[in-house]
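Worksheet for the structure shown next.
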Amino acid sequence: MSEEYRKFYDEYKNKLFSYLIYKSGDYEISRDIMQESFTRHFQHYGHDTIISPALLFTIARNALVDFRRQEKKFHIAEGVVPQVAADQENLLIAKEENSRAYDAMGRLSESDRDMLSLAVGGVAYKEIAATLGLSVANVKVRVHRARVKLRQMMNDEVE
């Protein structure tokens with residue numbers, strides 16, 4: 001593996017994993033698909049002079065779709081709660097908040113979920129645009145609108 005590809009891997013592994021966690025809601029599936037996506041990307045495109053993050057995310061998204069087709073199951077994400085809560089009450093509150101966020105995400109359209117998952121994962125708008133075949137301006141507007149929708153859904157639940 002070239003040093004350039006190693007840097008690419010280091011830069012995008014957490015972003016891709018975060019995206020896959022949001023999409024699948026399952027740690028193990030996300031880890032497996034992330035590894036498979038990097039492997040496919042490296043085998044087919046890793047030696048190119050220009051390494052494309054958009055292509056990596058497209059490979060990952062397609063691998064997740066393939067996985068879902070094979071399993072014929074659609075997981076409803078229960079959420080992944082960080083284990084930073086010092087006591088049971090804080091842990092319960094964190095789980096409830098995470099569950100509300102995932103429920104609200106589930107009510108967004110598939111394209112809004114894709115864009116938010118990528119944006120929250122730290123993927124640049126330019127790369128999201130390339131991945132989804134949209135303009136950067138369109139991605140910015142749609143991510144903003146999806147965030148507003150998500151925030152409104154979560155506020156409506158509280159009231």
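If you're wondering about the labels, chains in the structure tokens are A, B, ... by order shown, residues count from 1 in each chain, ligands from 1 in order shown.
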
Non-local contacts of Phe8 of chain A (10 Å; only C-alpha atoms; under 6 positions in same chain excluded) as a VMD selection string: chain A and resid 2 46 51 to 53

So that I can check the surroundings of Thr131 of chain A, please list as a list in words every protein, DNA and RNA residue that reaches within 9 Å of it, counting only C-alpha atoms and ignoring chain neighbours fewer than 3 positions away. Pro53, Ala54, Leu55, Leu56, Phe57, Thr58, Lys126, Glu127, Ile128 and Leu134 of chain A

Test item: residues at most 7 Å from segment 112-124 of chain A, only C-alpha atoms, excluding those fewer than 2 positions along its chain, as a short mmCIF file (atom, residue, chain, number, x, y, z; two decimals) with C-alpha atoms, in the first residue's frame:
```
data_model
loop_
_atom_site.label_atom_id
_atom_site.label_comp_id
_atom_site.auth_asym_id
_atom_site.auth_seq_id
_atom_site.Cartn_x
_atom_site.Cartn_y
_atom_site.Cartn_z
CA LYS A 15 -15.78 9.43 8.35
CA SER A 18 -19.59 7.13 10.98
CA TYR A 19 -21.61 7.27 7.77
CA TYR A 22 -25.83 6.10 10.69
CA MET A 105 -33.74 10.44 11.24
CA LEU A 108 -36.58 11.85 6.97
CA SER A 109 -36.40 10.92 3.31
CA GLU A 110 -33.65 8.53 2.22
CA LYS A 126 -17.85 18.86 -2.25
CA GLU A 127 -17.41 15.14 -1.63
CA ILE A 128 -21.08 14.69 -0.70
CA VAL A 143 -28.32 19.58 4.36
CA ALA A 146 -32.73 18.41 6.54
#
```

Taking only C-alpha atoms into account, which of A:Met34, A:Ala129, A:Ile29, A:Leu16 comes nearest Phe67 of chain A?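 The closest residue to Phe67 of chain A is A:Ile29.
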
When DSSP is applied to the backbone of this structure, which of segment 9-157 of chain A are assigned alpha helix (DSSP H)? Write them out as number ranges by chain. A: 9-24, 27-45, 53-71, 88-107, 110-120, 125-132, 136-157

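Distances here use only C-alpha atoms; by that measure, the residue among A:Ile21, A:Arg100, A:Arg6, A:Glu28 closest to Met153 of chain A is A:Arg100.
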
Atom pair atom CA of Tyr12 of chain A / atom CA of Tyr27 of chain A: separation (Å):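 Computing the Euclidean distance for atom CA of Tyr12 of chain A and atom CA of Tyr27 of chain A yields 16.9 Å.
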